[in-house]
Structures are given as C-alpha cells and as structure tokens.
Amino acid sequence: MTRTTDQSVGALRVLAVDDEKPALDELVYLLRAQSGVGVIHSAGDATNALRLMRAHPIDAVFLDINMPGLDGMELAGILSEFANPPAVVFVTAHDDRAVAAFDLGAVDYLLKPLREARLAEAVRRIAAARSTPAPVAEQPRTDPNEVIPVELGGVTTLVNRSSVSWVEADGDYARLHTSAGSHLVRIPLTALESRWENAGFLRVHRSYLVALRLVTGLRTVGTGTVVCLRADGNAAAVELPVSRRQVRELKQRLVRGPRQQWNHP
C-alpha cells in the first residue's frame, strides 16, 4: 500500500513494515503527520517489503522485529548489503534487542506504544544524516591503533587500546584490564575518559571506565545498577557498579549512540 503526504523537495520516502495490521495502520498514521515525510509505503512482512523496495526508491524503513518468515533483524541485515541502504528505524515492543539493532547500523530504536514525539525525533535524525556530508579526511579521528606504554620491571610493553575491556581507577594511576591480563599505568582515569570517549568507552562510575563493545546488559542489584561485560580473550566476564547519575547516559549510549563510529578491534 502507498500513501502520500508532503511532496516538498527532500521529503522522505519511507516504508513501514509490521505484520500486525493495527500496529501498521497506527505507524502509517503517525508518519503521515510528520512534515518531513512524503511518500509512505507499507508492508505486512519482509517479502512484500523487499518487493516494494525493488519497485520504489526508499529513504528509510520503519521496521518491526518479531515477524513471521524473515524477522526484522534479518531483513535489516539484508538491507545493510544494498549499494545504497535505506536508514533503518526499529519499532518494537521489545527493549532487549537494542544493542543488536545498532550493531546492524540502525538510526533509532522506538518502543511501542509509539509516541509521536519519539517518531518525530527519529525522522529528524534521518533527515540530519542525509544532509550531513561525510567527514573529510583532514578531520581528526580517534586512532584505532593507539597503544599505551606499560613499565614493568624495567621493561616497556605496549598495550593496544583495542585489547582493553575496562579500566579501574587507582589513585593517580589506572589499571587496564585487558585480554592478556591487567596493567598499572600512571595515567589518571579522567585522562583516559577524555581520550577514549570517541572510541567506544564510557565512564560508568568514578572508579570505572568500560568498553561499550563488551557490554551485554544492565542488572539491578538491591538499590543499585551493575553493567555486565562479556569475557574477552583471557579477560573474564565481569559486573561493575554504575553510578546513579551515569545510568541514563549508559542506556543512551547503548541504545542511541553511534556504535558504527566506534573503533572495534
């Protein structure tokens, strides 16, 4: 099905996909209310979605996850292989697939029941991404191969940042927990926090800096929250406390942060 709203130059051509008709109708209705959205196509499954994409130019796909046949994650994986892939926004009732969604390059992750304000924010993000030119080579980038010299018994060892799972404050020092063991370096945690912010690390507590690529989830313990990191090489899985003021920031980085820009090892 195809519906048309704003036909102004630059209006988004979108595809809404959901196997539940009431949810699909609501999504289409809310999309029609967005001034930045033009042509709206809708499909009840991945097969019809792909058929529509072969027949029509699509700028963005608003996609449910749990569907018969190909689910939303599988469809997003297929779309990511397109020469000019559309922006993907997941619209789902499940809040436990966000990390996987952003690993696939999703622009946003919206929870049902859908709120118009959040949908408008997603549309703005898509429009901003389309209007922002790719960064030129002269712009500074975080070095993915940054190394940290570690002194031990008169021997200097170079530790790759990509091998660091988490960092622990130790006075004026910091202890790097890596896939090969732990190393004490005379670098304050605040300095590493600033240097590694754009490399996928986040200060979750006054004593801890974590690699977001290893986060598997958050867990409530008593009145507090801990972040769970998966094992990485010889580094064991670990749970670290998250300060109350950092819980929201951590969730935002996990759910909405630009994971595709992080430097993975």
# chains A, B, ... in the order shown; residues from 1 in each chain; ligands from 1
>>> residues_around(residues="Ala180 of chain A", least_positions_apart="4", cutoff="10 Å", atoms="only C-alpha atoms", output="PDB file with all heavy atoms, in the first residue's frame")
ATOM      1  N   VAL A 159      50.585  -1.756  25.105  1.00  0.00           N
ATOM      2  CA  VAL A 159      49.256  -2.358  25.206  1.00  0.00           C
ATOM      3  C   VAL A 159      48.320  -1.658  24.229  1.00  0.00           C
ATOM      4  O   VAL A 159      48.177  -0.432  24.263  1.00  0.00           O
ATOM      5  CB  VAL A 159      48.707  -2.247  26.636  1.00  0.00           C
ATOM      6  CG1 VAL A 159      47.283  -2.786  26.712  1.00  0.00           C
ATOM      7  CG2 VAL A 159      49.603  -2.986  27.621  1.00  0.00           C
ATOM      8  N   SER A 163      42.555  -3.899  23.102  1.00  0.00           N
ATOM      9  CA  SER A 163      42.561  -5.090  23.956  1.00  0.00           C
ATOM     10  C   SER A 163      42.019  -4.798  25.354  1.00  0.00           C
ATOM     11  O   SER A 163      41.882  -5.708  26.165  1.00  0.00           O
ATOM     12  CB  SER A 163      43.983  -5.652  24.076  1.00  0.00           C
ATOM     13  OG  SER A 163      44.814  -4.785  24.842  1.00  0.00           O
ATOM     14  N   VAL A 164      41.704  -3.529  25.631  1.00  0.00           N
ATOM     15  CA  VAL A 164      41.253  -3.136  26.976  1.00  0.00           C
ATOM     16  C   VAL A 164      39.753  -3.377  27.114  1.00  0.00           C
ATOM     17  O   VAL A 164      38.960  -2.909  26.291  1.00  0.00           O
ATOM     18  CB  VAL A 164      41.579  -1.658  27.254  1.00  0.00           C
ATOM     19  CG1 VAL A 164      41.032  -1.231  28.615  1.00  0.00           C
ATOM     20  CG2 VAL A 164      43.086  -1.430  27.184  1.00  0.00           C
ATOM     21  N   ASP A 232      36.490 -11.478  27.279  1.00  0.00           N
ATOM     22  CA  ASP A 232      37.206 -11.087  26.074  1.00  0.00           C
ATOM     23  C   ASP A 232      38.619 -11.663  26.158  1.00  0.00           C
ATOM     24  O   ASP A 232      39.451 -11.168  26.904  1.00  0.00           O
ATOM     25  CB  ASP A 232      37.239  -9.567  25.946  1.00  0.00           C
ATOM     26  CG  ASP A 232      37.875  -9.103  24.653  1.00  0.00           C
ATOM     27  OD1 ASP A 232      37.684  -9.767  23.618  1.00  0.00           O
ATOM     28  OD2 ASP A 232      38.572  -8.067  24.674  1.00  0.00           O
ATOM     29  N   GLY A 233      38.889 -12.706  25.392  1.00  0.00           N
ATOM     30  CA  GLY A 233      40.185 -13.355  25.492  1.00  0.00           C
ATOM     31  C   GLY A 233      40.367 -13.952  26.872  1.00  0.00           C
ATOM     32  O   GLY A 233      39.516 -14.700  27.359  1.00  0.00           O
ATOM     33  N   ASN A 234      41.459 -13.572  27.543  1.00  0.00           N
ATOM     34  CA  ASN A 234      41.709 -14.058  28.895  1.00  0.00           C
ATOM     35  C   ASN A 234      41.040 -13.197  29.963  1.00  0.00           C
ATOM     36  O   ASN A 234      41.124 -13.508  31.142  1.00  0.00           O
ATOM     37  CB  ASN A 234      43.224 -14.114  29.172  1.00  0.00           C
ATOM     38  CG  ASN A 234      43.920 -15.162  28.330  1.00  0.00           C
ATOM     39  OD1 ASN A 234      43.340 -16.202  28.042  1.00  0.00           O
ATOM     40  ND2 ASN A 234      45.155 -14.889  27.917  1.00  0.00           N
ATOM     41  N   ALA A 235      40.419 -12.117  29.539  1.00  0.00           N
ATOM     42  CA  ALA A 235      39.709 -11.258  30.493  1.00  0.00           C
ATOM     43  C   ALA A 235      38.348 -11.883  30.791  1.00  0.00           C
ATOM     44  O   ALA A 235      37.551 -12.121  29.892  1.00  0.00           O
ATOM     45  CB  ALA A 235      39.531  -9.852  29.913  1.00  0.00           C
TER      46      ALA A 235
END
>>> residues_around(residues="segment 53-56 of chain A", least_positions_apart="2", cutoff="12 Å", atoms="only C-alpha atoms", output="PyMOL selection string")
chain A and resi 1-2+13-17+39-43+46-51+58-61+75+78-79+82+84-86
>>> select_by_dssp(residues="segment 27-245 of chain A", states="strand (DSSP E)", output="JSON, numbers by chain")
{"A": [37, 38, 39, 40, 41, 42, 43, 60, 61, 62, 63, 87, 88, 89, 90, 91, 92, 108, 109, 110, 111, 147, 148, 149, 150, 151, 152, 155, 156, 157, 158, 159, 160, 164, 165, 166, 167, 168, 169, 170, 173, 174, 175, 176, 177, 178, 181, 182, 183, 184, 185, 201, 202, 203, 204, 205, 208, 209, 210, 211, 215, 216, 217, 218, 219, 220, 221, 224, 225, 226, 227, 228, 229, 238, 239, 240, 241, 242]}
>>> select_by_dssp(residues="segment 61-145 of chain A", states="helix (DSSP H, G or I)", output="PyMOL selection string")
chain A and resi 72-79+98-103+116-131
>>> write_last_selection(atoms="N, CA and C atoms", output="PDB file, in the first residue's frame")
ATOM      1  N   GLY A  72      12.562  -8.831  11.621  1.00  0.00           N
ATOM      2  CA  GLY A  72      13.086  -7.502  11.344  1.00  0.00           C
ATOM      3  C   GLY A  72      14.602  -7.432  11.341  1.00  0.00           C
ATOM      4  N   MET A  73      15.247  -8.165  12.249  1.00  0.00           N
ATOM      5  CA  MET A  73      16.708  -8.172  12.299  1.00  0.00           C
ATOM      6  C   MET A  73      17.291  -8.754  11.017  1.00  0.00           C
ATOM      7  N   GLU A  74      16.707  -9.850  10.558  1.00  0.00           N
ATOM      8  CA  GLU A  74      17.196 -10.489   9.330  1.00  0.00           C
ATOM      9  C   GLU A  74      16.983  -9.587   8.123  1.00  0.00           C
ATOM     10  N   LEU A  75      15.829  -8.922   8.085  1.00  0.00           N
ATOM     11  CA  LEU A  75      15.566  -8.004   6.978  1.00  0.00           C
ATOM     12  C   LEU A  75      16.551  -6.838   7.000  1.00  0.00           C
ATOM     13  N   ALA A  76      16.823  -6.297   8.194  1.00  0.00           N
ATOM     14  CA  ALA A  76      17.778  -5.194   8.304  1.00  0.00           C
ATOM     15  C   ALA A  76      19.167  -5.628   7.838  1.00  0.00           C
ATOM     16  N   GLY A  77      19.532  -6.869   8.138  1.00  0.00           N
ATOM     17  CA  GLY A  77      20.813  -7.378   7.675  1.00  0.00           C
ATOM     18  C   GLY A  77      20.887  -7.416   6.161  1.00  0.00           C
ATOM     19  N   ILE A  78      19.789  -7.797   5.510  1.00  0.00           N
ATOM     20  CA  ILE A  78      19.734  -7.805   4.050  1.00  0.00           C
ATOM     21  C   ILE A  78      19.840  -6.381   3.500  1.00  0.00           C
ATOM     22  N   LEU A  79      19.114  -5.457   4.124  1.00  0.00           N
ATOM     23  CA  LEU A  79      19.122  -4.069   3.654  1.00  0.00           C
ATOM     24  C   LEU A  79      20.511  -3.449   3.774  1.00  0.00           C
ATOM     25  N   ALA A  98      18.078  -3.831  21.480  1.00  0.00           N
ATOM     26  CA  ALA A  98      18.619  -2.555  21.005  1.00  0.00           C
ATOM     27  C   ALA A  98      20.083  -2.651  20.601  1.00  0.00           C
ATOM     28  N   VAL A  99      20.897  -3.315  21.415  1.00  0.00           N
ATOM     29  CA  VAL A  99      22.318  -3.400  21.090  1.00  0.00           C
ATOM     30  C   VAL A  99      22.520  -4.099  19.747  1.00  0.00           C
ATOM     31  N   ALA A 100      21.809  -5.204  19.533  1.00  0.00           N
ATOM     32  CA  ALA A 100      21.904  -5.919  18.255  1.00  0.00           C
ATOM     33  C   ALA A 100      21.418  -5.041  17.106  1.00  0.00           C
ATOM     34  N   ALA A 101      20.382  -4.245  17.373  1.00  0.00           N
ATOM     35  CA  ALA A 101      19.842  -3.363  16.333  1.00  0.00           C
ATOM     36  C   ALA A 101      20.880  -2.345  15.880  1.00  0.00           C
ATOM     37  N   PHE A 102      21.585  -1.751  16.828  1.00  0.00           N
ATOM     38  CA  PHE A 102      22.563  -0.739  16.458  1.00  0.00           C
ATOM     39  C   PHE A 102      23.839  -1.349  15.895  1.00  0.00           C
ATOM     40  N   ASP A 103      24.083  -2.605  16.218  1.00  0.00           N
ATOM     41  CA  ASP A 103      25.176  -3.302  15.551  1.00  0.00           C
ATOM     42  C   ASP A 103      24.898  -3.426  14.059  1.00  0.00           C
ATOM     43  N   GLU A 116       4.430  10.057  19.379  1.00  0.00           N
ATOM     44  CA  GLU A 116       4.652  10.923  18.217  1.00  0.00           C
ATOM     45  C   GLU A 116       5.948  11.714  18.348  1.00  0.00           C
ATOM     46  N   ALA A 117       6.273  12.151  19.572  1.00  0.00           N
ATOM     47  CA  ALA A 117       7.490  12.938  19.771  1.00  0.00           C
ATOM     48  C   ALA A 117       8.738  12.127  19.454  1.00  0.00           C
ATOM     49  N   ARG A 118       8.748  10.844  19.833  1.00  0.00           N
ATOM     50  CA  ARG A 118       9.915   9.998  19.554  1.00  0.00           C
ATOM     51  C   ARG A 118      10.010   9.697  18.061  1.00  0.00           C
ATOM     52  N   LEU A 119       8.858   9.531  17.424  1.00  0.00           N
ATOM     53  CA  LEU A 119       8.876   9.298  15.983  1.00  0.00           C
ATOM     54  C   LEU A 119       9.421  10.530  15.268  1.00  0.00           C
ATOM     55  N   ALA A 120       9.004  11.712  15.721  1.00  0.00           N
ATOM     56  CA  ALA A 120       9.492  12.952  15.118  1.00  0.00           C
ATOM     57  C   ALA A 120      11.004  13.078  15.283  1.00  0.00           C
ATOM     58  N   GLU A 121      11.508  12.659  16.439  1.00  0.00           N
ATOM     59  CA  GLU A 121      12.954  12.699  16.671  1.00  0.00           C
ATOM     60  C   GLU A 121      13.683  11.768  15.704  1.00  0.00           C
ATOM     61  N   ALA A 122      13.126  10.573  15.484  1.00  0.00           N
ATOM     62  CA  ALA A 122      13.738   9.626  14.550  1.00  0.00           C
ATOM     63  C   ALA A 122      13.760  10.198  13.137  1.00  0.00           C
ATOM     64  N   VAL A 123      12.664  10.835  12.730  1.00  0.00           N
ATOM     65  CA  VAL A 123      12.603  11.452  11.401  1.00  0.00           C
ATOM     66  C   VAL A 123      13.647  12.554  11.275  1.00  0.00           C
ATOM     67  N   ARG A 124      13.818  13.336  12.332  1.00  0.00           N
ATOM     68  CA  ARG A 124      14.834  14.402  12.316  1.00  0.00           C
ATOM     69  C   ARG A 124      16.234  13.805  12.175  1.00  0.00           C
ATOM     70  N   ARG A 125      16.478  12.705  12.855  1.00  0.00           N
ATOM     71  CA  ARG A 125      17.799  12.071  12.763  1.00  0.00           C
ATOM     72  C   ARG A 125      18.091  11.591  11.349  1.00  0.00           C
ATOM     73  N   ILE A 126      17.081  10.996  10.733  1.00  0.00           N
ATOM     74  CA  ILE A 126      17.269  10.513   9.364  1.00  0.00           C
ATOM     75  C   ILE A 126      17.553  11.688   8.440  1.00  0.00           C
ATOM     76  N   ALA A 127      16.773  12.758   8.577  1.00  0.00           N
ATOM     77  CA  ALA A 127      16.965  13.937   7.728  1.00  0.00           C
ATOM     78  C   ALA A 127      18.336  14.549   7.951  1.00  0.00           C
ATOM     79  N   ALA A 128      18.772  14.604   9.210  1.00  0.00           N
ATOM     80  CA  ALA A 128      20.081  15.177   9.520  1.00  0.00           C
ATOM     81  C   ALA A 128      21.201  14.336   8.930  1.00  0.00           C
ATOM     82  N   ALA A 129      21.054  13.016   9.015  1.00  0.00           N
ATOM     83  CA  ALA A 129      22.077  12.124   8.469  1.00  0.00           C
ATOM     84  C   ALA A 129      22.180  12.276   6.958  1.00  0.00           C
ATOM     85  N   ARG A 130      21.036  12.501   6.290  1.00  0.00           N
ATOM     86  CA  ARG A 130      21.041  12.649   4.834  1.00  0.00           C
ATOM     87  C   ARG A 130      21.650  13.979   4.399  1.00  0.00           C
ATOM     88  N   SER A 131      21.528  15.001   5.254  1.00  0.00           N
ATOM     89  CA  SER A 131      22.014  16.328   4.877  1.00  0.00           C
ATOM     90  C   SER A 131      23.432  16.607   5.337  1.00  0.00           C
TER      91      SER A 131
END
>>> atom_distance(atom1="atom CA of Asp18 of chain A", atom2="atom CA of Lys112 of chain A")
12.0 Å
>>> residues_around(residues="segment 216-219 of chain A", least_positions_apart="4", cutoff="9 Å", atoms="only C-alpha atoms", output="VMD selection string")
chain A and resid 96 99 212 224 to 230 239 251
>>> atom_distance(atom1="atom CA of Ala106 of chain A", atom2="atom CA of Ala231 of chain A")
25.3 Å
>>> atom_distance(atom1="atom CA of Arg253 of chain A", atom2="atom CA of Leu30 of chain A")
26.3 Å
>>> residues_around(residues="Ser207 of chain A", least_positions_apart="2", cutoff="8 Å", atoms="only C-alpha atoms", output="MDAnalysis selection string")
chainID A and resid 168:170 189 205 209
